[in-house]
Each structure stands twice: as structure tokens, then as C-alpha cells.
>>> print(open('target-v1.cif').read())   # mmCIF, N, CA and C atoms
data_upload
loop_
_atom_site.label_atom_id
_atom_site.label_comp_id
_atom_site.auth_asym_id
_atom_site.auth_seq_id
_atom_site.Cartn_x
_atom_site.Cartn_y
_atom_site.Cartn_z
N MET A 1 3.13 -7.21 26.56
CA MET A 1 2.00 -6.68 27.27
C MET A 1 1.16 -7.84 27.80
N ALA A 2 0.46 -8.56 26.95
CA ALA A 2 -0.35 -9.68 27.39
C ALA A 2 0.50 -10.87 27.78
N GLU A 3 1.71 -10.97 27.21
CA GLU A 3 2.58 -12.08 27.54
C GLU A 3 2.93 -12.07 29.02
N SER A 4 3.14 -10.88 29.57
CA SER A 4 3.51 -10.80 30.97
C SER A 4 2.31 -11.09 31.88
N ILE A 5 1.10 -10.85 31.41
CA ILE A 5 -0.09 -11.08 32.23
C ILE A 5 -0.55 -12.53 32.15
N PHE A 6 -0.71 -13.04 30.93
CA PHE A 6 -1.31 -14.35 30.75
C PHE A 6 -0.33 -15.44 30.35
N GLY A 7 0.85 -15.08 29.91
CA GLY A 7 1.79 -16.07 29.42
C GLY A 7 1.53 -16.37 27.96
N TYR A 8 2.59 -16.59 27.21
CA TYR A 8 2.50 -16.75 25.77
C TYR A 8 1.56 -17.88 25.32
N PRO A 9 1.61 -19.09 25.90
CA PRO A 9 0.77 -20.16 25.35
C PRO A 9 -0.72 -19.91 25.49
N PHE A 10 -1.15 -19.12 26.46
CA PHE A 10 -2.57 -18.94 26.72
C PHE A 10 -3.12 -17.60 26.25
N ARG A 11 -2.28 -16.76 25.69
CA ARG A 11 -2.66 -15.41 25.30
C ARG A 11 -3.85 -15.41 24.35
N ARG A 12 -3.79 -16.15 23.28
CA ARG A 12 -4.88 -16.13 22.29
C ARG A 12 -6.16 -16.73 22.85
N PHE A 13 -6.05 -17.75 23.70
CA PHE A 13 -7.24 -18.36 24.29
C PHE A 13 -7.99 -17.38 25.18
N ILE A 14 -7.27 -16.73 26.04
CA ILE A 14 -7.88 -15.81 27.00
C ILE A 14 -8.36 -14.54 26.32
N LEU A 15 -7.60 -14.04 25.35
CA LEU A 15 -7.94 -12.77 24.71
C LEU A 15 -8.80 -12.96 23.46
N ASN A 16 -9.43 -14.12 23.32
CA ASN A 16 -10.37 -14.37 22.23
C ASN A 16 -9.73 -14.22 20.86
N ASN A 17 -8.52 -14.74 20.71
CA ASN A 17 -7.81 -14.79 19.44
C ASN A 17 -7.52 -13.41 18.86
N ALA A 18 -7.45 -12.39 19.70
CA ALA A 18 -7.18 -11.04 19.22
C ALA A 18 -5.69 -10.85 18.98
N PRO A 19 -5.31 -10.20 17.87
CA PRO A 19 -3.90 -9.89 17.64
C PRO A 19 -3.37 -8.99 18.75
N ILE A 20 -2.09 -9.06 18.98
CA ILE A 20 -1.48 -8.35 20.10
C ILE A 20 -0.44 -7.35 19.61
N PHE A 21 -0.44 -6.16 20.21
CA PHE A 21 0.65 -5.23 20.01
C PHE A 21 1.76 -5.67 20.93
N ARG A 22 2.91 -6.03 20.39
CA ARG A 22 3.99 -6.55 21.21
C ARG A 22 4.94 -5.47 21.68
N GLU A 23 4.93 -4.32 21.04
CA GLU A 23 5.87 -3.27 21.43
C GLU A 23 5.33 -1.93 20.99
N TRP A 24 5.51 -0.92 21.82
CA TRP A 24 5.23 0.44 21.42
C TRP A 24 6.28 1.31 22.05
N SER A 25 6.97 2.07 21.24
CA SER A 25 8.10 2.84 21.71
C SER A 25 7.69 4.14 22.40
N GLY A 26 6.42 4.52 22.34
CA GLY A 26 5.99 5.76 22.93
C GLY A 26 6.29 6.95 22.04
N SER A 27 6.67 6.71 20.81
CA SER A 27 7.04 7.79 19.90
C SER A 27 5.79 8.43 19.30
N THR A 28 6.02 9.38 18.41
CA THR A 28 4.91 10.05 17.74
C THR A 28 4.39 9.25 16.55
N ALA A 29 4.91 8.05 16.34
CA ALA A 29 4.45 7.19 15.24
C ALA A 29 3.14 6.52 15.66
N LEU A 30 2.10 7.32 15.75
CA LEU A 30 0.81 6.82 16.18
C LEU A 30 0.19 5.98 15.07
N LEU A 31 -0.62 4.98 15.46
CA LEU A 31 -1.10 3.98 14.53
C LEU A 31 -2.62 3.88 14.54
N ASP A 32 -3.21 3.75 13.37
CA ASP A 32 -4.62 3.39 13.21
C ASP A 32 -4.64 2.06 12.47
N TRP A 33 -5.53 1.16 12.89
CA TRP A 33 -5.66 -0.15 12.25
C TRP A 33 -7.11 -0.30 11.82
N HIS A 34 -7.31 -0.35 10.50
CA HIS A 34 -8.64 -0.52 9.94
C HIS A 34 -8.71 -1.90 9.29
N GLU A 35 -9.88 -2.51 9.34
CA GLU A 35 -10.07 -3.80 8.69
C GLU A 35 -11.24 -3.68 7.72
N SER A 36 -10.97 -4.01 6.45
CA SER A 36 -12.03 -4.04 5.46
C SER A 36 -12.35 -5.50 5.18
N SER A 37 -13.22 -5.75 4.23
CA SER A 37 -13.59 -7.13 3.91
C SER A 37 -12.46 -7.90 3.25
N ASN A 38 -11.48 -7.18 2.66
CA ASN A 38 -10.41 -7.89 1.96
C ASN A 38 -9.00 -7.55 2.44
N ALA A 39 -8.85 -6.68 3.46
CA ALA A 39 -7.49 -6.33 3.90
C ALA A 39 -7.50 -5.69 5.29
N HIS A 40 -6.33 -5.73 5.93
CA HIS A 40 -6.05 -4.96 7.13
C HIS A 40 -5.21 -3.77 6.67
N ILE A 41 -5.58 -2.56 7.10
CA ILE A 41 -4.88 -1.36 6.68
C ILE A 41 -4.35 -0.65 7.92
N PHE A 42 -3.03 -0.46 7.93
CA PHE A 42 -2.36 0.24 9.03
C PHE A 42 -1.93 1.61 8.52
N LYS A 43 -2.26 2.65 9.27
CA LYS A 43 -1.81 4.01 8.95
C LYS A 43 -1.01 4.50 10.14
N ILE A 44 0.25 4.88 9.86
CA ILE A 44 1.18 5.27 10.91
C ILE A 44 1.70 6.66 10.62
N ASN A 45 1.66 7.56 11.61
CA ASN A 45 2.22 8.90 11.45
C ASN A 45 3.74 8.81 11.44
N VAL A 46 4.34 9.27 10.35
CA VAL A 46 5.81 9.28 10.22
C VAL A 46 6.27 10.62 9.66
N PRO A 47 5.92 11.73 10.31
CA PRO A 47 6.27 13.04 9.77
C PRO A 47 7.77 13.23 9.67
N GLY A 48 8.22 13.70 8.52
CA GLY A 48 9.63 13.98 8.31
C GLY A 48 10.47 12.79 7.88
N PHE A 49 9.92 11.58 7.91
CA PHE A 49 10.67 10.40 7.50
C PHE A 49 10.52 10.18 6.00
N SER A 50 11.63 9.88 5.34
CA SER A 50 11.57 9.53 3.92
C SER A 50 11.36 8.03 3.80
N LYS A 51 11.06 7.56 2.61
CA LYS A 51 10.83 6.13 2.40
C LYS A 51 12.09 5.32 2.69
N ASP A 52 13.26 5.93 2.54
CA ASP A 52 14.52 5.23 2.80
C ASP A 52 14.81 5.08 4.30
N GLU A 53 14.15 5.86 5.13
CA GLU A 53 14.37 5.80 6.58
C GLU A 53 13.38 4.88 7.29
N ILE A 54 12.44 4.29 6.54
CA ILE A 54 11.40 3.44 7.10
C ILE A 54 11.62 2.01 6.63
N LYS A 55 11.52 1.05 7.56
CA LYS A 55 11.62 -0.37 7.21
C LYS A 55 10.36 -1.08 7.68
N VAL A 56 9.78 -1.89 6.79
CA VAL A 56 8.62 -2.70 7.11
C VAL A 56 9.03 -4.15 6.86
N GLN A 57 8.95 -4.98 7.91
CA GLN A 57 9.40 -6.36 7.81
C GLN A 57 8.37 -7.30 8.43
N VAL A 58 8.36 -8.55 7.96
CA VAL A 58 7.57 -9.60 8.58
C VAL A 58 8.55 -10.58 9.20
N GLU A 59 8.40 -10.81 10.50
CA GLU A 59 9.29 -11.70 11.24
C GLU A 59 8.48 -12.87 11.79
N ASP A 60 9.12 -14.00 11.92
CA ASP A 60 8.51 -15.19 12.53
C ASP A 60 7.16 -15.56 11.92
N GLY A 61 6.98 -15.29 10.65
CA GLY A 61 5.76 -15.71 9.95
C GLY A 61 4.60 -14.73 10.00
N ASN A 62 4.31 -14.12 11.16
CA ASN A 62 3.15 -13.23 11.23
C ASN A 62 3.37 -12.00 12.11
N ILE A 63 4.61 -11.62 12.34
CA ILE A 63 4.90 -10.44 13.16
C ILE A 63 5.30 -9.29 12.23
N LEU A 64 4.48 -8.25 12.19
CA LEU A 64 4.76 -7.07 11.38
C LEU A 64 5.60 -6.10 12.20
N HIS A 65 6.80 -5.79 11.73
CA HIS A 65 7.71 -4.89 12.43
C HIS A 65 7.93 -3.66 11.56
N ILE A 66 7.52 -2.51 12.06
CA ILE A 66 7.65 -1.24 11.35
C ILE A 66 8.58 -0.36 12.17
N LYS A 67 9.66 0.12 11.53
CA LYS A 67 10.59 0.96 12.28
C LYS A 67 11.11 2.08 11.41
N GLY A 68 11.46 3.17 12.07
CA GLY A 68 12.03 4.32 11.39
C GLY A 68 13.29 4.75 12.10
N GLU A 69 14.33 4.96 11.32
CA GLU A 69 15.61 5.40 11.87
C GLU A 69 16.12 6.54 11.02
N CYS A 70 16.55 7.62 11.66
CA CYS A 70 17.02 8.77 10.90
C CYS A 70 18.22 9.40 11.56
N GLU A 71 18.90 10.20 10.79
CA GLU A 71 20.05 10.94 11.29
C GLU A 71 19.57 12.21 11.99
N LYS A 72 20.44 12.80 12.79
CA LYS A 72 20.13 14.04 13.48
C LYS A 72 19.89 15.15 12.46
N GLU A 73 18.86 15.93 12.69
CA GLU A 73 18.50 17.03 11.79
C GLU A 73 19.07 18.33 12.33
N GLU A 74 19.81 19.03 11.51
CA GLU A 74 20.33 20.33 11.91
C GLU A 74 19.23 21.37 11.77
N THR A 75 18.95 22.11 12.85
CA THR A 75 17.87 23.09 12.82
C THR A 75 18.36 24.51 12.52
N HIS A 76 19.66 24.75 12.67
CA HIS A 76 20.16 26.10 12.42
C HIS A 76 21.63 26.03 12.00
N ALA A 77 22.07 27.10 11.40
CA ALA A 77 23.47 27.19 10.98
C ALA A 77 24.37 27.43 12.19
N LYS A 78 25.64 27.17 12.03
CA LYS A 78 26.60 27.29 13.14
C LYS A 78 26.77 28.72 13.63
N ASP A 79 26.62 29.70 12.74
CA ASP A 79 26.85 31.09 13.13
C ASP A 79 25.58 31.82 13.56
N THR A 80 24.51 31.09 13.86
CA THR A 80 23.26 31.72 14.30
C THR A 80 22.99 31.40 15.76
N ILE A 81 22.12 32.18 16.36
CA ILE A 81 21.72 31.98 17.75
C ILE A 81 20.32 31.38 17.75
N LEU A 82 20.14 30.31 18.49
CA LEU A 82 18.84 29.64 18.58
C LEU A 82 18.10 30.20 19.79
N HIS A 83 16.94 30.84 19.55
CA HIS A 83 16.17 31.44 20.63
C HIS A 83 15.08 30.50 21.15
N VAL A 84 14.46 29.75 20.27
CA VAL A 84 13.40 28.82 20.66
C VAL A 84 13.63 27.50 19.91
N ALA A 85 13.49 26.37 20.62
CA ALA A 85 13.66 25.05 19.99
C ALA A 85 12.52 24.14 20.43
N GLU A 86 11.32 24.39 19.91
CA GLU A 86 10.16 23.57 20.27
C GLU A 86 10.03 22.32 19.41
N ARG A 87 10.55 22.38 18.18
CA ARG A 87 10.43 21.23 17.28
C ARG A 87 11.46 20.16 17.57
N GLY A 88 12.43 20.44 18.40
CA GLY A 88 13.48 19.48 18.70
C GLY A 88 14.56 19.53 17.62
N ASN A 89 15.63 18.78 17.84
CA ASN A 89 16.71 18.82 16.88
C ASN A 89 16.88 17.50 16.13
N LYS A 90 15.98 16.56 16.35
CA LYS A 90 15.99 15.34 15.54
C LYS A 90 14.58 14.76 15.52
N LYS A 91 14.32 13.95 14.51
CA LYS A 91 12.99 13.37 14.36
C LYS A 91 12.75 12.24 15.35
N GLY A 92 13.81 11.56 15.74
CA GLY A 92 13.67 10.43 16.65
C GLY A 92 13.43 9.14 15.89
N ASN A 93 13.66 8.05 16.54
CA ASN A 93 13.44 6.74 15.96
C ASN A 93 12.16 6.17 16.54
N PHE A 94 11.55 5.24 15.82
CA PHE A 94 10.37 4.57 16.34
C PHE A 94 10.40 3.11 15.94
N SER A 95 9.63 2.33 16.66
CA SER A 95 9.50 0.91 16.36
C SER A 95 8.13 0.45 16.81
N ARG A 96 7.39 -0.19 15.91
CA ARG A 96 6.08 -0.75 16.23
C ARG A 96 6.08 -2.21 15.81
N VAL A 97 5.65 -3.09 16.68
CA VAL A 97 5.59 -4.52 16.40
C VAL A 97 4.16 -4.99 16.63
N ILE A 98 3.57 -5.62 15.61
CA ILE A 98 2.17 -6.03 15.66
C ILE A 98 2.06 -7.48 15.24
N GLU A 99 1.35 -8.29 16.02
CA GLU A 99 1.11 -9.68 15.64
C GLU A 99 -0.12 -9.69 14.72
N LEU A 100 0.09 -10.15 13.49
CA LEU A 100 -0.98 -10.18 12.51
C LEU A 100 -1.91 -11.36 12.74
N PRO A 101 -3.17 -11.25 12.33
CA PRO A 101 -4.08 -12.39 12.41
C PRO A 101 -3.60 -13.51 11.49
N GLU A 102 -4.17 -14.70 11.66
CA GLU A 102 -3.74 -15.86 10.88
C GLU A 102 -4.24 -15.83 9.44
N ASN A 103 -5.28 -15.09 9.16
CA ASN A 103 -5.90 -15.14 7.83
C ASN A 103 -5.40 -14.06 6.88
N VAL A 104 -4.09 -13.81 6.85
CA VAL A 104 -3.53 -12.77 5.98
C VAL A 104 -2.52 -13.37 5.01
N LYS A 105 -2.29 -12.65 3.93
CA LYS A 105 -1.30 -13.03 2.93
C LYS A 105 -0.05 -12.18 3.15
N VAL A 106 0.88 -12.67 3.96
CA VAL A 106 2.06 -11.88 4.31
C VAL A 106 2.98 -11.66 3.11
N ASP A 107 2.88 -12.50 2.08
CA ASP A 107 3.73 -12.34 0.90
C ASP A 107 3.21 -11.26 -0.05
N GLN A 108 2.04 -10.67 0.25
CA GLN A 108 1.48 -9.63 -0.63
C GLN A 108 1.31 -8.29 0.08
N ILE A 109 2.04 -8.07 1.15
CA ILE A 109 1.96 -6.81 1.90
C ILE A 109 2.56 -5.68 1.07
N LYS A 110 1.88 -4.54 1.08
CA LYS A 110 2.36 -3.35 0.36
C LYS A 110 2.45 -2.19 1.35
N ALA A 111 3.46 -1.34 1.16
CA ALA A 111 3.65 -0.17 2.02
C ALA A 111 3.88 1.06 1.15
N HIS A 112 3.29 2.20 1.57
CA HIS A 112 3.39 3.43 0.80
C HIS A 112 3.42 4.60 1.79
N VAL A 113 4.36 5.52 1.59
CA VAL A 113 4.43 6.70 2.45
C VAL A 113 4.13 7.94 1.61
N GLU A 114 3.25 8.80 2.15
CA GLU A 114 2.88 10.04 1.46
C GLU A 114 2.41 11.05 2.49
N ASN A 115 2.90 12.27 2.40
CA ASN A 115 2.51 13.37 3.29
C ASN A 115 2.64 13.02 4.77
N GLY A 116 3.71 12.32 5.14
CA GLY A 116 3.96 12.00 6.54
C GLY A 116 3.12 10.87 7.10
N VAL A 117 2.44 10.10 6.24
CA VAL A 117 1.65 8.97 6.69
C VAL A 117 2.08 7.72 5.93
N LEU A 118 2.46 6.69 6.68
CA LEU A 118 2.81 5.40 6.09
C LEU A 118 1.56 4.53 6.10
N THR A 119 1.19 4.00 4.94
CA THR A 119 0.05 3.10 4.83
C THR A 119 0.56 1.72 4.47
N VAL A 120 0.27 0.75 5.32
CA VAL A 120 0.66 -0.64 5.09
C VAL A 120 -0.63 -1.43 4.89
N THR A 121 -0.74 -2.07 3.72
CA THR A 121 -1.93 -2.86 3.39
C THR A 121 -1.57 -4.34 3.43
N VAL A 122 -2.29 -5.08 4.26
CA VAL A 122 -2.07 -6.52 4.42
C VAL A 122 -3.33 -7.23 3.93
N PRO A 123 -3.28 -7.84 2.72
CA PRO A 123 -4.48 -8.51 2.19
C PRO A 123 -4.88 -9.72 3.03
N LYS A 124 -6.19 -9.96 3.07
CA LYS A 124 -6.71 -11.14 3.76
C LYS A 124 -6.70 -12.33 2.81
N ASP A 125 -6.60 -13.51 3.38
CA ASP A 125 -6.67 -14.75 2.62
C ASP A 125 -8.10 -15.26 2.70
N ALA A 126 -8.84 -15.15 1.58
CA ALA A 126 -10.25 -15.55 1.55
C ALA A 126 -10.42 -17.06 1.71
N SER A 127 -9.41 -17.83 1.33
CA SER A 127 -9.52 -19.29 1.40
C SER A 127 -9.12 -19.84 2.76
N PHE A 128 -8.69 -18.98 3.69
CA PHE A 128 -8.27 -19.44 5.01
C PHE A 128 -9.46 -19.93 5.81
N LYS A 129 -9.33 -21.12 6.35
CA LYS A 129 -10.39 -21.69 7.19
C LYS A 129 -9.78 -21.97 8.56
N SER A 130 -10.22 -21.22 9.54
CA SER A 130 -9.69 -21.45 10.89
C SER A 130 -10.56 -22.49 11.57
N SER A 131 -9.92 -23.42 12.22
CA SER A 131 -10.68 -24.45 12.92
C SER A 131 -10.91 -23.98 14.36
N LYS A 132 -12.12 -23.63 14.66
CA LYS A 132 -12.47 -23.16 15.99
C LYS A 132 -12.58 -24.32 16.98
N LEU A 133 -12.90 -25.51 16.47
CA LEU A 133 -13.06 -26.67 17.32
C LEU A 133 -12.04 -27.72 16.92
N ARG A 134 -11.33 -28.21 17.90
CA ARG A 134 -10.34 -29.26 17.65
C ARG A 134 -10.49 -30.32 18.73
N ASN A 135 -10.79 -31.52 18.31
CA ASN A 135 -10.93 -32.62 19.25
C ASN A 135 -9.57 -33.19 19.62
N ILE A 136 -9.36 -33.45 20.89
CA ILE A 136 -8.12 -34.04 21.39
C ILE A 136 -8.45 -35.44 21.89
N ASN A 137 -7.70 -36.42 21.41
CA ASN A 137 -7.91 -37.79 21.80
C ASN A 137 -7.48 -37.98 23.25
N VAL A 138 -8.34 -38.55 24.07
CA VAL A 138 -8.06 -38.79 25.47
C VAL A 138 -7.72 -40.26 25.65
N THR A 139 -6.57 -40.53 26.28
CA THR A 139 -6.16 -41.90 26.55
C THR A 139 -6.03 -42.10 28.05
N SER A 140 -5.89 -43.35 28.45
CA SER A 140 -5.76 -43.63 29.88
C SER A 140 -4.30 -43.57 30.33
N LYS A 141 -3.36 -43.63 29.38
CA LYS A 141 -1.94 -43.56 29.71
C LYS A 141 -1.26 -42.47 28.89
N LEU A 142 -0.30 -41.82 29.48
CA LEU A 142 0.47 -40.82 28.75
C LEU A 142 1.59 -41.49 28.13
#
>>> encode(input="target-v1.cif", output="C-alpha cells")
Amino acid sequence: MAESIFGYPFRRFILNNAPIFREWSGSTALLDWHESSNAHIFKINVPGFSKDEIKVQVEDGNILHIKGECEKEETHAKDTILHVAERGNKKGNFSRVIELPENVKVDQIKAHVENGVLTVTVPKDASFKSSKLRNINVTSKL
């Protein structure tokens, strides 16, 4: 999204160091992102998905990848006639990719699914000190 507009090296500078959603599949896996004083909490709608059909991974150090993959769901028996099919015949797959902020503990991420909602808790690192100012030495020759 922002990579195509601003280019990867300048994304954080222009967007004021805001984390970026790198992918959204357009599925029903809608996401809420809450931030408390000690953690980032992601709540994702995953109706009908079991814990075995959901994968939560951290890639490249700070990229949170949440995906769901399931088999086709049979909605009716072979010897019946289907009159209405509004719910669809499969749950569908989803994939969400989120770039996490720098001040998190990726080794302590916890995920829990209950009543069709996946909750991913990413603790903050209280000892993290981000350097907002960095001096660059200027020379007369490269």
C-alpha cells in the first residue's frame, strides 16, 4: 500500500513511523487493533475457524502474518435439494500481514481463539529506547 506510493526506504519517514498493513485479502477476517500501556492487542473475526486452521507467524523480525486455511464445508447431504445458499459452501481463506512497531517483544506473542474471535496479544518492550535523533557525520569526500 504505502510501498507503492512512497517507496520502502522512505515509508516510515513520511508516514511518521506508523506501522503499515502490508496485505488485506478482503475477506471477512476483519481486524481491530488496540494499544494499551503494556501491549498491542489484535482482534480478528474468524467465524467457523478452529485453532488448527489458523496460523500466526512472525516473519522478518517484525512482520505479523495471520492466516486461516480450511477445507470445503458440506452444507447439505447428497440426497437433498438445496433451495437457498446464502451462507456459502465454504468458509474461505484469509491472510492479514501487519508490520509491528519496533518496541514489541515478538518472542512473547500469545494467540487465543474463542467464539469466532482470534485475539493476538503482542507485549511492549518497556526498556526499548528509540532514537528519534541521529547525527550523520558530513565529510567533504565520499
>>> closest_residue(input="target-v1.cif", among="A:Val113, A:Glu59, A:Asn38, A:Asn45", to="Ile98 of chain A", atoms="only C-alpha atoms")
A:Glu59
>>> closest_residue(input="target-v1.cif", among="A:Ile63, A:Ile136, A:Ala29, A:Ile81", to="Pro47 of chain A", atoms="only N, CA and C atoms")
A:Ala29
>>> atom_distance(input="target-v1.cif", atom1="atom CA of Pro123 of chain A", atom2="atom CA of Lys51 of chain A")
21.2 Å
>>> closest_residue(input="target-v1.cif", among="A:Lys105, A:Lys55, A:His112, A:His65", to="Lys43 of chain A", atoms="only C-alpha atoms")
A:His112
>>> resolve_selection(input="target-v1.cif", expression="the PyMOL selection byres ((chain A and resi 69) around 6)", output="PyMOL selection string")
chain A and resi 53-54+67-68+70-71+92-94
>>> residues_around(input="target-v1.cif", residues="Ile109 of chain A", least_positions_apart="6", cutoff="8 Å", atoms="only C-alpha atoms", output="PyMOL selection string")
chain A and resi 120-123
>>> atom_distance(input="target-v1.cif", atom1="atom N of Asn62 of chain A", atom2="atom CA of Phe49 of chain A")
25.6 Å
>>> build_atoms(input="target-v1.cif", residues="segment 35-52 of chain A", atoms="N, CA, C and O atoms", output="PDB file, keeping the file's coordinate frame")
ATOM      1  N   GLU A  35      -9.880  -2.510   9.340  1.00  0.00           N
ATOM      2  CA  GLU A  35     -10.070  -3.800   8.690  1.00  0.00           C
ATOM      3  C   GLU A  35     -11.240  -3.680   7.720  1.00  0.00           C
ATOM      4  O   GLU A  35     -12.340  -3.304   8.109  1.00  0.00           O
ATOM      5  N   SER A  36     -10.970  -4.010   6.450  1.00  0.00           N
ATOM      6  CA  SER A  36     -12.030  -4.040   5.460  1.00  0.00           C
ATOM      7  C   SER A  36     -12.350  -5.500   5.180  1.00  0.00           C
ATOM      8  O   SER A  36     -11.778  -6.404   5.785  1.00  0.00           O
ATOM      9  N   SER A  37     -13.220  -5.750   4.230  1.00  0.00           N
ATOM     10  CA  SER A  37     -13.590  -7.130   3.910  1.00  0.00           C
ATOM     11  C   SER A  37     -12.460  -7.900   3.250  1.00  0.00           C
ATOM     12  O   SER A  37     -12.425  -9.116   3.304  1.00  0.00           O
ATOM     13  N   ASN A  38     -11.480  -7.180   2.660  1.00  0.00           N
ATOM     14  CA  ASN A  38     -10.410  -7.890   1.960  1.00  0.00           C
ATOM     15  C   ASN A  38      -9.000  -7.550   2.440  1.00  0.00           C
ATOM     16  O   ASN A  38      -8.045  -8.076   1.890  1.00  0.00           O
ATOM     17  N   ALA A  39      -8.850  -6.680   3.460  1.00  0.00           N
ATOM     18  CA  ALA A  39      -7.490  -6.330   3.900  1.00  0.00           C
ATOM     19  C   ALA A  39      -7.500  -5.690   5.290  1.00  0.00           C
ATOM     20  O   ALA A  39      -8.519  -5.166   5.755  1.00  0.00           O
ATOM     21  N   HIS A  40      -6.330  -5.730   5.930  1.00  0.00           N
ATOM     22  CA  HIS A  40      -6.050  -4.960   7.130  1.00  0.00           C
ATOM     23  C   HIS A  40      -5.210  -3.770   6.670  1.00  0.00           C
ATOM     24  O   HIS A  40      -4.233  -3.942   5.944  1.00  0.00           O
ATOM     25  N   ILE A  41      -5.580  -2.560   7.100  1.00  0.00           N
ATOM     26  CA  ILE A  41      -4.880  -1.360   6.680  1.00  0.00           C
ATOM     27  C   ILE A  41      -4.350  -0.650   7.920  1.00  0.00           C
ATOM     28  O   ILE A  41      -5.101  -0.310   8.831  1.00  0.00           O
ATOM     29  N   PHE A  42      -3.030  -0.460   7.930  1.00  0.00           N
ATOM     30  CA  PHE A  42      -2.360   0.240   9.030  1.00  0.00           C
ATOM     31  C   PHE A  42      -1.930   1.610   8.520  1.00  0.00           C
ATOM     32  O   PHE A  42      -1.293   1.709   7.477  1.00  0.00           O
ATOM     33  N   LYS A  43      -2.260   2.650   9.270  1.00  0.00           N
ATOM     34  CA  LYS A  43      -1.810   4.010   8.950  1.00  0.00           C
ATOM     35  C   LYS A  43      -1.010   4.500  10.140  1.00  0.00           C
ATOM     36  O   LYS A  43      -1.507   4.526  11.252  1.00  0.00           O
ATOM     37  N   ILE A  44       0.250   4.880   9.860  1.00  0.00           N
ATOM     38  CA  ILE A  44       1.180   5.270  10.910  1.00  0.00           C
ATOM     39  C   ILE A  44       1.700   6.660  10.620  1.00  0.00           C
ATOM     40  O   ILE A  44       2.143   6.942   9.503  1.00  0.00           O
ATOM     41  N   ASN A  45       1.660   7.560  11.610  1.00  0.00           N
ATOM     42  CA  ASN A  45       2.220   8.900  11.450  1.00  0.00           C
ATOM     43  C   ASN A  45       3.740   8.810  11.440  1.00  0.00           C
ATOM     44  O   ASN A  45       4.340   8.323  12.397  1.00  0.00           O
ATOM     45  N   VAL A  46       4.340   9.270  10.350  1.00  0.00           N
ATOM     46  CA  VAL A  46       5.810   9.280  10.220  1.00  0.00           C
ATOM     47  C   VAL A  46       6.270  10.620   9.660  1.00  0.00           C
ATOM     48  O   VAL A  46       6.960  10.671   8.656  1.00  0.00           O
ATOM     49  N   PRO A  47       5.920  11.730  10.310  1.00  0.00           N
ATOM     50  CA  PRO A  47       6.270  13.040   9.770  1.00  0.00           C
ATOM     51  C   PRO A  47       7.770  13.230   9.670  1.00  0.00           C
ATOM     52  O   PRO A  47       8.512  12.911  10.598  1.00  0.00           O
ATOM     53  N   GLY A  48       8.220  13.700   8.520  1.00  0.00           N
ATOM     54  CA  GLY A  48       9.630  13.980   8.310  1.00  0.00           C
ATOM     55  C   GLY A  48      10.470  12.790   7.880  1.00  0.00           C
ATOM     56  O   GLY A  48      11.617  12.958   7.528  1.00  0.00           O
ATOM     57  N   PHE A  49       9.920  11.580   7.910  1.00  0.00           N
ATOM     58  CA  PHE A  49      10.670  10.400   7.500  1.00  0.00           C
ATOM     59  C   PHE A  49      10.520  10.180   6.000  1.00  0.00           C
ATOM     60  O   PHE A  49       9.427  10.278   5.461  1.00  0.00           O
ATOM     61  N   SER A  50      11.630   9.880   5.340  1.00  0.00           N
ATOM     62  CA  SER A  50      11.570   9.530   3.920  1.00  0.00           C
ATOM     63  C   SER A  50      11.360   8.030   3.800  1.00  0.00           C
ATOM     64  O   SER A  50      11.496   7.291   4.781  1.00  0.00           O
ATOM     65  N   LYS A  51      11.060   7.560   2.610  1.00  0.00           N
ATOM     66  CA  LYS A  51      10.830   6.130   2.400  1.00  0.00           C
ATOM     67  C   LYS A  51      12.090   5.320   2.690  1.00  0.00           C
ATOM     68  O   LYS A  51      12.008   4.165   3.083  1.00  0.00           O
ATOM     69  N   ASP A  52      13.260   5.930   2.540  1.00  0.00           N
ATOM     70  CA  ASP A  52      14.520   5.230   2.800  1.00  0.00           C
ATOM     71  C   ASP A  52      14.810   5.080   4.300  1.00  0.00           C
ATOM     72  O   ASP A  52      15.640   4.263   4.682  1.00  0.00           O
TER      73      ASP A  52
END
